[in-house]
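Undergrad: Structure file protein-v1.txt (compact mmCIF, C-alpha atoms) is given on the next line.
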# COMPACT_ATOMS: atom_id res chain seq x y z
CA MET D 1 -14.64 11.58 19.75
CA LYS D 2 -15.33 9.98 16.40
CA LEU D 3 -14.64 6.47 17.59
CA PRO D 4 -17.80 5.86 19.72
CA VAL D 5 -19.97 7.16 16.89
CA LEU D 6 -18.20 4.91 14.42
CA ALA D 7 -18.48 1.92 16.72
CA ALA D 8 -22.18 2.55 17.28
CA ALA D 9 -22.81 2.92 13.55
CA CYS D 10 -20.90 -0.27 12.92
CA THR D 11 -22.93 -2.19 15.49
CA GLY D 12 -26.20 -0.87 14.06
CA LEU D 13 -25.20 -1.67 10.49
CA PHE D 14 -24.07 -5.13 11.48
CA GLY D 15 -27.35 -5.88 13.22
CA LEU D 16 -29.27 -4.66 10.19
CA ALA D 17 -27.03 -6.62 7.83
CA THR D 18 -27.45 -9.85 9.78
CA ALA D 19 -31.21 -9.39 9.94
CA LEU D 20 -31.42 -8.67 6.22
CA ALA D 21 -29.19 -11.58 5.32
CA PHE D 22 -31.24 -14.05 7.32
CA PHE D 23 -34.78 -12.77 7.06
CA TYR D 24 -35.12 -10.39 4.12
CA ALA D 25 -32.99 -11.87 1.34
CA PRO D 26 -34.74 -14.68 -0.57
CA THR D 27 -33.55 -18.23 -0.04
CA ASP D 28 -31.52 -19.47 -2.98
CA ALA D 29 -33.51 -21.97 -5.07
CA ASP D 30 -30.45 -24.05 -5.80
CA GLN D 31 -28.32 -23.93 -2.66
CA GLY D 32 -30.89 -23.16 0.02
CA LEU D 33 -29.85 -21.70 3.36
CA SER D 34 -26.12 -22.16 2.81
CA GLN D 35 -26.12 -19.50 0.11
CA ARG D 36 -26.70 -16.87 2.81
CA ILE D 37 -23.02 -17.15 3.78
CA PHE D 38 -22.47 -15.22 0.56
CA TYR D 39 -23.60 -12.04 2.34
CA PHE D 40 -20.62 -12.38 4.68
CA HIS D 41 -18.10 -14.16 2.53
CA VAL D 42 -18.01 -11.70 -0.36
CA PRO D 43 -18.04 -8.51 1.77
CA LEU D 44 -15.20 -10.00 3.83
CA ALA D 45 -13.20 -10.61 0.67
CA LEU D 46 -13.89 -7.14 -0.73
CA THR D 47 -13.07 -5.54 2.61
CA SER D 48 -9.72 -7.29 2.77
CA TYR D 49 -8.94 -5.94 -0.70
CA VAL D 50 -9.86 -2.49 0.58
CA CYS D 51 -7.54 -3.02 3.58
CA PHE D 52 -4.62 -4.06 1.39
CA GLY D 53 -5.30 -1.20 -0.98
CA TRP D 54 -5.47 1.27 1.90
CA GLY D 55 -2.27 -0.16 3.35
CA ALA D 56 -0.52 0.27 0.02
CA TRP D 57 -1.84 3.83 -0.31
CA LYS D 58 -0.48 4.68 3.13
CA ALA D 59 2.80 2.98 2.18
CA LEU D 60 3.03 5.22 -0.86
CA ARG D 61 2.27 8.22 1.33
CA TYR D 62 5.06 7.11 3.65
CA LEU D 63 7.59 6.87 0.84
CA ARG D 64 6.55 10.34 -0.30
CA THR D 65 6.40 12.15 3.01
CA ARG D 66 8.56 10.03 5.37
CA ASP D 67 5.89 10.51 7.98
CA ALA D 68 6.11 7.78 10.65
CA ARG D 69 2.34 7.97 11.17
CA ALA D 70 1.72 6.76 7.63
CA ASP D 71 3.95 3.75 8.29
CA LEU D 72 1.91 2.81 11.34
CA GLU D 73 -1.35 3.32 9.44
CA SER D 74 -0.13 1.12 6.62
CA TYR D 75 0.80 -1.61 9.07
CA VAL D 76 -2.53 -1.46 10.88
CA ALA D 77 -4.49 -1.61 7.62
CA ILE D 78 -2.54 -4.66 6.47
CA HIS D 79 -2.97 -6.27 9.87
CA GLN D 80 -6.73 -5.86 9.56
CA GLY D 81 -6.57 -7.06 5.97
CA VAL D 82 -4.91 -10.30 7.00
CA ILE D 83 -7.61 -10.90 9.59
CA PHE D 84 -10.36 -10.29 7.02
CA ALA D 85 -8.52 -12.49 4.52
CA ALA D 86 -8.28 -15.30 7.07
CA LEU D 87 -12.03 -15.01 7.67
CA THR D 88 -12.60 -15.04 3.90
CA LEU D 89 -10.63 -18.26 3.59
CA LEU D 90 -12.57 -19.74 6.48
CA THR D 91 -16.05 -18.78 5.22
CA GLY D 92 -15.11 -19.74 1.67
CA SER D 93 -13.95 -23.11 2.86
CA ILE D 94 -17.18 -23.71 4.78
CA TRP D 95 -19.23 -22.70 1.77
CA ALA D 96 -17.16 -24.92 -0.52
CA ARG D 97 -17.72 -27.87 1.82
CA ILE D 98 -21.46 -27.39 1.78
CA SER D 99 -22.02 -26.59 -1.84
CA TRP D 100 -19.28 -28.60 -3.57
CA GLY D 101 -18.56 -31.21 -0.91
CA VAL D 102 -14.87 -30.33 -0.50
CA TRP D 103 -13.09 -28.11 2.01
CA TRP D 104 -10.65 -26.88 -0.52
CA SER D 105 -10.76 -26.70 -4.27
CA TRP D 106 -7.70 -25.81 -6.29
CA SER D 107 -9.84 -25.28 -9.34
CA GLU D 108 -11.51 -22.41 -7.54
CA ASP D 109 -9.52 -19.35 -8.46
CA GLN D 110 -10.63 -16.89 -5.79
CA LEU D 111 -9.73 -19.22 -2.92
CA VAL D 112 -6.29 -19.84 -4.40
CA LEU D 113 -5.73 -16.13 -4.93
CA PHE D 114 -6.63 -15.51 -1.33
CA LEU D 115 -4.22 -18.19 -0.21
CA VAL D 116 -1.41 -16.52 -2.18
CA LEU D 117 -2.29 -13.11 -0.75
CA PHE D 118 -2.61 -14.51 2.74
CA LEU D 119 0.86 -16.07 2.50
CA PHE D 120 2.28 -12.89 1.02
CA TYR D 121 0.91 -10.64 3.73
CA CYS D 122 1.81 -13.04 6.52
CA ALA D 123 5.40 -12.67 5.34
CA TYR D 124 4.90 -8.92 5.77
CA PHE D 125 4.69 -9.50 9.51
CA MET D 126 7.79 -11.68 9.46
CA LEU D 127 9.63 -8.86 7.71
CA ARG D 128 8.31 -6.24 10.06
CA PHE D 129 9.15 -8.10 13.22
CA SER D 130 12.59 -9.28 12.19
CA VAL D 131 13.97 -5.83 11.32
CA GLU D 132 14.81 -3.24 13.96
CA PRO D 133 12.21 -0.45 14.13
CA GLY D 134 13.21 2.72 12.36
CA PRO D 135 13.12 4.40 8.96
CA ALA D 136 14.83 1.43 7.27
CA ARG D 137 12.13 -0.92 8.42
CA ALA D 138 9.38 1.51 7.47
CA ASN D 139 10.87 1.80 3.98
CA MET D 140 11.05 -1.93 3.46
CA CYS D 141 7.56 -2.54 4.75
CA ALA D 142 6.22 0.19 2.48
CA VAL D 143 7.95 -1.30 -0.56
CA TYR D 144 6.62 -4.74 0.33
CA ALA D 145 3.09 -3.43 0.79
CA LEU D 146 3.27 -1.80 -2.64
CA PHE D 147 4.42 -5.10 -4.16
CA GLY D 148 1.31 -6.64 -2.63
CA VAL D 149 -1.17 -4.55 -4.59
CA VAL D 150 0.73 -5.26 -7.79
CA LEU D 151 0.80 -8.94 -6.98
CA ILE D 152 -3.00 -9.09 -6.60
CA PRO D 153 -3.87 -8.59 -10.31
CA VAL D 154 -0.82 -10.55 -11.49
CA SER D 155 -1.70 -13.55 -9.33
CA PHE D 156 -5.30 -13.25 -10.36
CA LEU D 157 -4.29 -13.47 -13.99
CA ALA D 158 -1.96 -16.39 -13.24
CA ILE D 159 -4.62 -18.32 -11.41
CA ARG D 160 -7.17 -17.69 -14.14
CA LEU D 161 -4.66 -19.05 -16.62
CA SER D 162 -4.03 -22.17 -14.63
CA LYS D 163 -7.58 -23.26 -13.88
CA ARG D 164 -11.01 -23.88 -15.13
CA PHE D 165 -13.39 -22.43 -12.59
CA ILE D 166 -16.49 -23.47 -10.77
CA HIS D 167 -16.63 -20.44 -8.50
CA PRO D 168 -19.82 -18.47 -9.08
CA VAL D 169 -18.91 -15.13 -10.62
CA VAL D 170 -21.30 -12.64 -9.15
CA PHE D 171 -20.09 -9.50 -10.84
CA ASN D 172 -19.59 -9.80 -14.56
CA SER D 173 -19.71 -7.36 -17.43
CA HIS D 174 -23.53 -7.38 -17.31
CA GLY D 175 -23.59 -5.95 -13.79
CA PRO D 176 -24.38 -7.83 -10.60
CA GLN D 177 -26.18 -11.14 -11.15
CA MET D 178 -28.60 -10.65 -8.27
CA THR D 179 -32.20 -9.74 -7.68
CA GLY D 180 -33.06 -6.39 -6.10
CA SER D 181 -33.53 -7.63 -2.56
CA GLN D 182 -30.37 -9.72 -2.75
CA PHE D 183 -28.42 -6.75 -4.00
CA LEU D 184 -29.74 -4.49 -1.26
CA THR D 185 -28.82 -7.03 1.41
CA PHE D 186 -25.41 -7.43 -0.15
CA CYS D 187 -24.81 -3.67 -0.14
CA VAL D 188 -25.80 -3.36 3.52
CA CYS D 189 -23.54 -6.28 4.41
CA LEU D 190 -20.67 -4.71 2.53
CA ALA D 191 -21.26 -1.37 4.26
CA ALA D 192 -21.34 -3.15 7.63
CA MET D 193 -18.09 -4.95 6.88
CA LEU D 194 -16.39 -1.72 5.77
CA ALA D 195 -17.65 0.00 8.92
CA LEU D 196 -16.22 -2.86 10.94
CA PHE D 197 -12.88 -2.35 9.23
CA ALA D 198 -12.99 1.39 9.87
CA THR D 199 -13.80 0.80 13.54
CA LEU D 200 -11.16 -1.85 14.13
CA TYR D 201 -8.65 0.23 12.22
CA SER D 202 -9.31 3.28 14.38
CA ILE D 203 -9.19 1.27 17.58
CA GLU D 204 -5.94 -0.47 16.74
CA LEU D 205 -4.42 2.76 15.53
CA ALA D 206 -5.43 4.58 18.70
CA GLY D 207 -3.97 1.77 20.78
CA LYS D 208 -0.70 1.72 18.86
CA ARG D 209 -0.38 5.51 19.07
CA LEU D 210 -1.00 5.37 22.79
CA ASP D 211 1.69 2.70 23.07
CA GLY D 212 4.11 4.91 21.19
CA ALA D 213 3.32 7.96 23.30
CA LEU D 214 3.70 5.94 26.49
CA ARG D 215 7.07 4.61 25.36
CA GLU D 216 8.26 8.13 24.63
CA LEU D 217 7.15 9.31 28.07
CA LYS D 218 8.91 6.38 29.71
CA GLU D 219 12.08 7.18 27.83
CA LEU D 220 11.84 10.81 28.96
CA LEU D 221 11.44 9.68 32.55
CA ALA D 222 14.31 7.23 32.45
CA MET F 1 26.66 5.57 -20.52
CA ASN F 2 27.77 6.32 -17.01
CA TYR F 3 24.96 4.23 -15.57
CA VAL F 4 25.88 1.26 -17.76
CA SER F 5 29.51 1.33 -16.73
CA ASP F 6 28.52 1.59 -13.05
CA VAL F 7 26.31 -1.45 -13.40
CA ALA F 8 29.01 -3.32 -15.27
CA ALA F 9 31.58 -2.53 -12.60
CA LEU F 10 29.25 -3.69 -9.81
CA ALA F 11 28.32 -6.90 -11.60
CA ARG F 12 31.98 -7.53 -12.40
CA LYS F 13 32.84 -7.17 -8.73
CA ASP F 14 30.35 -9.88 -7.77
CA LEU F 15 31.43 -12.24 -10.52
CA LEU F 16 35.08 -11.73 -9.60
CA LEU F 17 34.33 -12.41 -5.94
CA GLU F 18 32.57 -15.61 -6.89
CA LEU F 19 35.44 -16.62 -9.18
CA ARG F 20 37.90 -16.22 -6.32
CA ALA F 21 35.82 -17.56 -3.42
CA LYS F 22 33.65 -20.12 -5.27
CA GLU F 23 30.99 -20.06 -2.60
CA THR F 24 27.66 -19.78 -4.36
CA LEU F 25 27.78 -21.47 -7.73
CA PRO F 26 29.13 -24.89 -6.69
CA SER F 27 26.48 -25.20 -3.99
CA MET F 28 23.74 -24.21 -6.46
CA LEU F 29 24.97 -26.83 -8.94
CA LEU F 30 25.13 -29.57 -6.36
CA PHE F 31 21.77 -28.59 -4.98
CA VAL F 32 19.93 -28.61 -8.28
CA VAL F 33 21.34 -31.97 -9.37
CA SER F 34 20.58 -33.61 -6.03
CA ALA F 35 17.09 -32.11 -6.06
CA LEU F 36 16.47 -33.61 -9.50
CA ALA F 37 17.74 -36.98 -8.25
CA ILE F 38 15.36 -36.78 -5.30
CA PHE F 39 12.48 -35.88 -7.60
CA HIS F 40 13.26 -38.90 -9.75
CA PHE F 41 12.69 -41.16 -6.75
CA ALA F 42 9.76 -39.12 -5.47
CA LEU F 43 7.86 -39.59 -8.72
CA PRO F 44 6.19 -42.94 -9.32
CA ARG F 45 7.37 -44.90 -12.36
CA GLY F 46 5.78 -43.86 -15.63
CA THR F 47 4.55 -40.42 -14.60
CA SER F 48 3.76 -37.95 -17.30
CA ASP F 49 5.95 -35.22 -18.74
CA VAL F 50 3.76 -32.63 -17.10
CA ALA F 51 4.47 -33.88 -13.58
CA ALA F 52 8.20 -33.96 -14.26
CA ARG F 53 8.08 -30.46 -15.68
CA GLY F 54 6.38 -29.22 -12.54
CA LEU F 55 9.22 -30.62 -10.49
CA LEU F 56 11.77 -28.95 -12.75
CA TRP F 57 10.16 -25.64 -11.87
CA SER F 58 10.25 -26.23 -8.16
CA ALA F 59 13.90 -27.29 -8.43
CA LEU F 60 14.71 -24.08 -10.30
CA VAL F 61 12.89 -21.82 -7.87
CA PHE F 62 14.61 -23.37 -4.87
CA THR F 63 18.00 -23.28 -6.56
CA ALA F 64 17.50 -19.61 -7.31
CA LEU F 65 16.55 -19.09 -3.68
CA LEU F 66 19.84 -20.61 -2.63
CA GLY F 67 21.75 -18.14 -4.79
CA LEU F 68 19.62 -15.20 -3.67
CA THR F 69 20.16 -16.02 0.00
CA ARG F 70 23.89 -15.74 -0.54
CA ALA F 71 23.67 -12.66 -2.75
CA PHE F 72 23.91 -9.97 -0.09
CA VAL F 73 25.67 -11.87 2.67
CA ALA F 74 29.09 -10.47 1.83
CA GLU F 75 27.70 -6.93 1.78
CA ARG F 76 26.11 -7.33 5.18
CA GLU F 77 28.89 -9.24 6.91
CA GLN F 78 31.76 -7.09 5.65
CA GLY F 79 29.83 -3.87 6.10
CA MET F 80 30.02 -3.27 2.38
CA PHE F 81 26.49 -1.88 2.19
CA ASP F 82 27.59 1.39 3.73
CA ALA F 83 30.42 1.66 1.24
CA LEU F 84 28.07 0.91 -1.64
CA VAL F 85 25.55 3.47 -0.48
CA LEU F 86 28.32 6.08 -0.20
CA THR F 87 29.63 5.49 -3.72
CA PRO F 88 28.45 8.12 -6.18
CA VAL F 89 26.24 5.80 -8.21
CA ASP F 90 22.52 5.65 -8.65
CA ARG F 91 21.16 3.23 -6.06
CA SER F 92 19.26 1.27 -8.65
CA ALA F 93 22.61 0.50 -10.31
CA ILE F 94 23.53 -1.48 -7.19
CA TRP F 95 20.38 -3.51 -7.65
CA LEU F 96 20.92 -4.02 -11.36
CA GLY F 97 24.53 -5.08 -10.90
CA LYS F 98 23.55 -7.57 -8.25
CA ALA F 99 20.62 -8.88 -10.28
CA ILE F 100 22.91 -9.44 -13.26
CA ALA F 101 25.40 -11.33 -11.10
CA VAL F 102 22.65 -13.52 -9.62
CA LEU F 103 21.26 -14.09 -13.11
CA ALA F 104 24.70 -15.24 -14.27
CA PHE F 105 24.89 -17.78 -11.42
CA LEU F 106 21.39 -19.01 -12.08
CA VAL F 107 21.98 -19.39 -15.80
CA ALA F 108 25.23 -21.23 -15.10
CA ALA F 109 23.37 -23.59 -12.77
CA GLU F 110 20.69 -24.13 -15.39
CA ILE F 111 23.21 -24.92 -18.09
CA VAL F 112 23.94 -27.98 -16.00
CA ALA F 113 20.42 -28.53 -14.65
CA LEU F 114 18.46 -28.50 -17.92
CA PRO F 115 20.55 -31.17 -19.69
CA ALA F 116 20.52 -33.18 -16.47
CA PHE F 117 16.74 -32.88 -16.40
CA ALA F 118 16.51 -33.92 -20.03
CA ALA F 119 18.67 -36.95 -19.31
CA PHE F 120 16.91 -37.98 -16.09
CA PHE F 121 13.37 -37.42 -17.33
CA HIS F 122 11.73 -37.02 -20.69
CA GLY F 123 13.73 -34.41 -22.50
CA LEU F 124 13.00 -30.76 -23.11
CA ASN F 125 11.31 -28.66 -25.70
CA GLY F 126 12.19 -25.19 -26.87
CA ARG F 127 9.18 -23.65 -25.17
CA THR F 128 10.34 -24.80 -21.75
CA VAL F 129 13.82 -23.40 -22.32
CA ALA F 130 12.34 -20.07 -23.40
CA ALA F 131 10.06 -20.07 -20.36
CA VAL F 132 13.03 -20.79 -18.08
CA ALA F 133 14.96 -17.90 -19.62
CA LEU F 134 12.05 -15.50 -19.09
CA ALA F 135 11.39 -16.78 -15.59
CA ASP F 136 15.05 -16.26 -14.66
CA LEU F 137 14.66 -12.55 -15.30
CA GLY F 138 11.64 -12.30 -13.03
CA ILE F 139 13.23 -14.41 -10.31
CA CYS F 140 16.44 -12.37 -10.27
CA THR F 141 14.82 -8.94 -10.35
CA VAL F 142 12.32 -9.54 -7.56
CA GLY F 143 14.61 -11.88 -5.67
CA THR F 144 17.45 -9.38 -5.54
CA LEU F 145 15.19 -6.71 -4.08
CA PHE F 146 13.75 -9.08 -1.46
CA GLY F 147 17.24 -10.41 -0.79
CA ALA F 148 18.37 -6.91 0.11
CA MET F 149 15.40 -6.63 2.47
CA ALA F 150 15.96 -10.03 4.05
CA VAL F 151 19.60 -9.41 5.00
CA ALA F 152 18.51 -6.46 7.10
CA GLY F 153 16.48 -8.77 9.33
CA ARG F 154 17.61 -10.96 12.15
CA ALA F 155 16.62 -14.29 10.57
CA ARG F 156 17.91 -13.54 7.10
CA GLU F 157 18.09 -17.08 5.68
CA LEU F 158 14.60 -17.76 6.96
CA LEU F 159 13.07 -14.53 5.85
CA LEU F 160 13.88 -14.59 2.14
CA PRO F 161 11.89 -17.74 1.23
CA LEU F 162 8.89 -16.36 3.10
CA LEU F 163 9.06 -13.07 1.22
CA PHE F 164 9.95 -14.55 -2.13
CA LEU F 165 7.88 -17.70 -2.57
CA PRO F 166 4.37 -16.14 -2.61
CA THR F 167 5.58 -13.64 -5.20
CA ALA F 168 7.12 -16.47 -7.23
CA ILE F 169 3.86 -18.42 -7.51
CA PRO F 170 2.82 -16.60 -10.74
CA ILE F 171 6.23 -17.47 -12.24
CA VAL F 172 5.66 -21.14 -11.57
CA VAL F 173 2.13 -20.95 -12.99
CA GLY F 174 3.39 -19.25 -16.14
CA GLY F 175 6.37 -21.58 -16.42
CA VAL F 176 4.52 -24.86 -16.02
CA GLY F 177 1.80 -23.74 -18.40
CA GLY F 178 4.34 -22.36 -20.86
CA TYR F 179 2.66 -18.94 -21.04
CA LEU F 180 5.57 -16.96 -22.42
CA TRP F 181 3.62 -13.70 -22.77
CA PHE F 182 2.60 -13.91 -19.14
CA LEU F 183 6.18 -14.42 -17.99
CA ALA F 184 7.27 -11.46 -20.09
CA LEU F 185 4.53 -9.35 -18.55
CA TYR F 186 5.58 -10.43 -15.07
CA ASP F 187 9.22 -9.55 -15.83
CA ALA F 188 8.26 -6.14 -17.14
CA ILE F 189 5.98 -5.23 -14.21
CA PHE F 190 8.10 -6.53 -11.38
CA GLY F 191 11.37 -5.56 -13.03
CA LEU F 192 10.28 -1.94 -13.23
CA LEU F 193 8.85 -1.99 -9.73
CA SER F 194 12.02 -3.48 -8.22
CA TRP F 195 14.18 -1.08 -10.13
CA ALA F 196 12.19 1.87 -8.81
CA ALA F 197 11.87 0.54 -5.26
CA PHE F 198 15.45 -0.44 -4.56
CA GLU F 199 16.61 2.99 -3.49
CA TYR F 200 14.19 2.84 -0.56
CA VAL F 201 15.46 -0.53 0.57
CA VAL F 202 19.10 0.41 1.06
CA VAL F 203 19.33 3.28 3.44
CA GLU F 204 22.43 4.37 5.24
CA THR F 205 22.47 2.72 8.64
Once you've parsed the file, please lay out its structure as structure tokens.
TA:
Amino acid sequence: MKLPVLAAACTGLFGLATALAFFYAPTDADQGLSQRIFYFHVPLALTSYVCFGWGAWKALRYLRTRDARADLESYVAIHQGVIFAALTLLTGSIWARISWGVWWSWSEDQLVLFLVLFLFYCAYFMLRFSVEPGPARANMCAVYALFGVVLIPVSFLAIRLSKRFIHPVVFNSHGPQMTGSQFLTFCVCLAAMLALFATLYSIELAGKRLDGALRELKELLA
Amino acid sequence: MNYVSDVAALARKDLLLELRAKETLPSMLLFVVSALAIFHFALPRGTSDVAARGLLWSALVFTALLGLTRAFVAEREQGMFDALVLTPVDRSAIWLGKAIAVLAFLVAAEIVALPAFAAFFHGLNGRTVAAVALADLGICTVGTLFGAMAVAGRARELLLPLLFLPTAIPIVVGGVGGYLWFLALYDAIFGLLSWAAFEYVVVET
């Protein structure tokens, strides 16, 4: 019974993260209150990368072992990743509106990269739901998921090439550009977001496995 | 040497089919010229070279998509996939043969499209032609793999653009900007990946 523990930890971490983000972290001198969305926006983005990476890892495992469980795990991770990516686009857009006055900025490379990834992984669902379930579908989905993690750095490079950027770069070669209390808040928020991913991932996976088991039982009965 | 002759035989089969049936290439040619004509009217008078070049790239990507959509239709409809999978060749040779055939169609379409573009708009420079040549490689390698995936689905004509276009965005970025090294890098990475991945995409049904 790992799931209740995980869910409880996630709730606790999230409460702590929200409290830290609103009451502990210093208010940004330049942007004021709106900068606090950073503590959600960036962890969301990093978590969706983790989801896509995890999905690709499971896809690779599937291609190696031909284990149907790995296929399901890869799908669930990518499903979660798309949800986190959608939230990243949403929070990023809100932040852009407040701090730059526009909902969308093409000269802002991270938003564009997320749009590309979002489109790419939405097509993953189209692929998955238009092919009959079975090993052929699992193979194709795995290959597509692997293309995704290769596309991330390539698109990133492409978008960097095509734009000048106004997006604040928080992590550069000199380490994180944050004060201690900001960094602590950020780490807690990131941990909370990752815990949220782990929880949702386990729940969805448990549900999907239950579905599968139920279908098998029904088929046995019929 | 065996691998090369397998690939050559497979590519020859596709080219021969096209020569007899004339299904894909004429429609690609017509499509690309009409797209360029539409772009001429879509652009306001006196727009810059850069805007026109951007439209050239979208015309090329969509023309390629047209060819890629057709690429595996014969295999799927005539049940030729099973025969291909049963033949004693490396599976990646099937991919390479098909990619070469698609590349030949695309290049043939561009031999008409690029002069037409130069005549309709502002002319071409050598860098753009080189970028088009490099982009063709990337488009055909990735597109052939995704094309093989898309024909397995129910909505095959619909599925391929959805799979292919997000992956093609870096090609357009590199092409419009004229970053030849980037296009070469893209070709190398995705070419290798598609080559390695194809054997998982065609499985005996």
Undergrad: Residues of segment 173-212 of chain D within 8 Å of segment 72-85 of chain D: nearest atom pair and distance (Å, one decimal) for each, counting all atoms listed in the file, sorted by chain and number, as JSON lines?
TA:
{"residue": "D:Phe197", "atom": "CA", "partner": "D:Gln80", "partner_atom": "CA", "distance": 7.1}
{"residue": "D:Leu200", "atom": "CA", "partner": "D:Gln80", "partner_atom": "CA", "distance": 7.5}
{"residue": "D:Tyr201", "atom": "CA", "partner": "D:Ala77", "partner_atom": "CA", "distance": 6.5}
{"residue": "D:Glu204", "atom": "CA", "partner": "D:Val76", "partner_atom": "CA", "distance": 6.9}
{"residue": "D:Leu205", "atom": "CA", "partner": "D:Val76", "partner_atom": "CA", "distance": 6.6}
Undergrad: Between atom CA of Leu113 of chain D and atom CA of Asp49 of chain F, what distance in Å does the model show, to one decimal?
TA: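 Between these atoms lies a distance of 26.3 Å.
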Undergrad: Using all atoms listed in the file, can you tell me which of F:Leu163, F:Ala74, F:Ile38, F:Ala188 comes closest to chain D?
TA: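 Closest to chain D of all the choices is F:Leu163.
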Undergrad: One decimal, in Å: what's the spacing between atom CA of Thr18 of chain D and atom CA of Ser48 of chain D?
TA: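 Computed distance, atom CA of Thr18 of chain D to atom CA of Ser48 of chain D, equals 19.2 Å.
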Undergrad: Near Ala145 of chain D, within 7 Å and counting all atoms listed in the file, which residues show up once chain neighbours fewer than 2 positions away are dropped, as a VMD selection string?
TA: chain D and resid 55 to 56 59 141 to 143 147 to 149
Undergrad: Which residues come within 12 Å of segment 123-126 of chain F, counting only C-alpha atoms, excluding same-chain residues fewer than 4 positions away, as an mmCIF file with C-alpha atoms, in the frame of the given file?
TA:
data_model
loop_
_atom_site.group_PDB
_atom_site.id
_atom_site.type_symbol
_atom_site.label_atom_id
_atom_site.label_comp_id
_atom_site.auth_asym_id
_atom_site.auth_seq_id
_atom_site.Cartn_x
_atom_site.Cartn_y
_atom_site.Cartn_z
ATOM 1 C CA SER F 48 3.760 -37.950 -17.300
ATOM 2 C CA ASP F 49 5.950 -35.220 -18.740
ATOM 3 C CA VAL F 50 3.760 -32.630 -17.100
ATOM 4 C CA ALA F 52 8.200 -33.960 -14.260
ATOM 5 C CA ARG F 53 8.080 -30.460 -15.680
ATOM 6 C CA LEU F 56 11.770 -28.950 -12.750
ATOM 7 C CA ALA F 113 20.420 -28.530 -14.650
ATOM 8 C CA LEU F 114 18.460 -28.500 -17.920
ATOM 9 C CA PRO F 115 20.550 -31.170 -19.690
ATOM 10 C CA ALA F 116 20.520 -33.180 -16.470
ATOM 11 C CA PHE F 117 16.740 -32.880 -16.400
ATOM 12 C CA ALA F 118 16.510 -33.920 -20.030
ATOM 13 C CA ALA F 119 18.670 -36.950 -19.310
ATOM 14 C CA ALA F 130 12.340 -20.070 -23.400
ATOM 15 C CA ALA F 131 10.060 -20.070 -20.360
ATOM 16 C CA VAL F 132 13.030 -20.790 -18.080
ATOM 17 C CA ALA F 133 14.960 -17.900 -19.620
ATOM 18 C CA GLY F 178 4.340 -22.360 -20.860
ATOM 19 C CA LEU F 180 5.570 -16.960 -22.420
#
Undergrad: Counting only C-alpha atoms, a student should be able to say which residues of chain D come within 6 Å of chain F; what is the right answer, written as a compact mmCIF listing (two decimals) with C-alpha atoms, in the frame of the given file?
TA:
# COMPACT_ATOMS: atom_id res chain seq x y z
CA VAL D 116 -1.41 -16.52 -2.18
CA PHE D 120 2.28 -12.89 1.02
CA ALA D 123 5.40 -12.67 5.34
CA SER D 130 12.59 -9.28 12.19
CA VAL D 131 13.97 -5.83 11.32
CA ASN D 139 10.87 1.80 3.98
CA MET D 140 11.05 -1.93 3.46
CA SER D 155 -1.70 -13.55 -9.33
CA ALA D 158 -1.96 -16.39 -13.24
Undergrad: What separation in Å, quoted to one decimal, exists between atom CA of Met80 of chain F and atom CA of Gly138 of chain F?
TA: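 For atom CA of Met80 of chain F relative to atom CA of Gly138 of chain F, the distance reads 25.6 Å.
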